[in-house]
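Visitor: Please find one structure pasted underneath; my questions will follow.
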Amino acid sequence: MRTRIKICCISSTAEAKVAIHHGADALGLVGKMPSGPGPIPDWLSSEIIKTIPPPIASFLLTSEQASEEIIYHVKRVGANTVQIVDELTAGTYDDIRTALPHLKIVQVIHVSDGESIEEAVRLSLSVDALLLDSGNPKASLKTLGGTGNVHNWEISREIVKSVDIPVFLAGGLHSNNVRQAIDIVHPFGVDICSGVRTEGRLDPDKLGAFIKAVHSL
């Protein structure tokens with residue numbers, strides 16, 4: 001099965017066009033975050049999403065932890081997929097589905113140890129996909145993605161084997177390690193932000209090399 005490619009931290013319509021031209025299957029727009037790269041205003045995310053043609057998926061990354069606030073955030077932006085980067089602490093996933101029945105829900109799991117497997121299995125029953133990343137939501141200043149750090153791919157592989165929904169792999173990927181990551185984890189898709197950027201800007205050469213490496217499999 002072809003590995004899907006999500007390019008995250010898109011910051012302009014020009015970046016979106018470049019990513020789509022190179023073969024991206026999904027684009028990530030980052031909302032307000034406590035730390036990390038890529039956040040843009042909601043109005044800009046909305047403008048970019050209007051230019052994304054089907055079947056390219058538009059992911060809104062939200063750090064909101066209440067279902068009601070997540071619903072409002074998605075409505076402001078208009079994405080067809082929401083990527084919840086922190087724990088849902090108020091309300092339920094069903095609340096989101098009821099309000100936005102056509103929305104796909106992706107829950108981020110910040111992989112740290114064996115407990116991440118249990119968390120993934122539990123949450124997989126409520127969402128459409130998981131995304132495995134290398135953040136630390138328990139830090140004094142939360143890191144919820146975009147760290148550029150690799151986590152334990154052996155744990156990620158166990159998660160993929162243990163759940164029945166698609167799993168995206170993120171965290172420290174680049175053109176020189178993505179083939180190894182796919183060989184070990186066997187994810188549905190891979191997700192990248194900093195690995196295809198130079199001085200914060202989307203780098204067409206790095207992007208092309210990354211996508212070529214994924215497609216070479």
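Labels for the structure tokens follow display order: chains A, B, ..., residues from 1 in each chain, ligands from 1.
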Taking only stretch 27-215 of chain A into account, list the residues labelled alpha helix (DSSP H) by DSSP (computed from the backbone), as JSON, numbers by chain.
Guide: {"A": [42, 43, 44, 45, 46, 47, 48, 49, 67, 68, 69, 70, 71, 72, 73, 74, 75, 76, 77, 93, 94, 95, 96, 97, 98, 99, 115, 116, 117, 118, 119, 120, 121, 122, 123, 153, 154, 155, 156, 157, 158, 159, 160, 161, 162, 178, 179, 180, 181, 182, 183, 184, 185, 204, 205, 206, 207, 208, 209, 210, 211, 212, 213, 214, 215]}
Visitor: Within 9 Å of stretch 14-27 of chain A, counting only C-alpha atoms, which residues show up once you throw out same-chain ones fewer than 4 positions away? Write them as a list in words, please.
Guide: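 Everything that qualifies: Arg4, Ile5, Lys6, Ile7, Cys8, Cys9, Ile10, Ile48, Ile49, Thr51, Ile52, Pro55, Ile56, Ala57, Ser58, Phe59, Leu60, Asp191, Arg201, Leu202, Pro204, Leu207, Gly208 and Ile211 of chain A.
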Visitor: Residues at most 7 Å from A:Ser67, counting only C-alpha atoms, excluding those fewer than 4 positions away in the same chain, as a ChimeraX atom specification?
Guide: /A:71,90-93,95-96
Visitor: Give me every strand (DSSP E) residue in stretch 32-195 of chain A, going by DSSP on the backbone, as a list in words.
Guide: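 Here are the strand (DSSP E) residues of stretch 32-195 of chain A: Ala57, Ser58, Phe59, Leu60, Leu61, Thr62, Thr81, Val82, Gln83, Ile84, Lys104, Ile105, Val106, Gln107, Val108, Ile109, His110, Ala129, Leu130, Leu131, Leu132, Asp133, Val167, Phe168, Leu169, Gly189, Val190, Asp191 and Ile192 of chain A.
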Visitor: Find, counting only C-alpha atoms, the residue in A:Arg157, A:His110, A:Arg97, A:His73 that gets nearest to A:Gly171.
Guide: A:His110
Visitor: Quick one: distance from atom CA of A:Arg76 to atom CA of A:Thr62 in Å, one decimal?
Guide: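 The value is 11.8 Å.
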Visitor: Leaving out A:Gly114 and any residue of its chain fewer than 3 positions from it, which residues lie within 10 Å of it when counting only C-alpha atoms, given as a ChimeraX atom specification?
Guide: /A:111,117-119,155-156,158-159
Visitor: To one decimal place in Å, what is the distance between atom CA of A:Arg179 and atom CA of A:Gln83?
Guide: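 Atom CA of A:Gln83 lies 24.1 Å from atom CA of A:Arg179.
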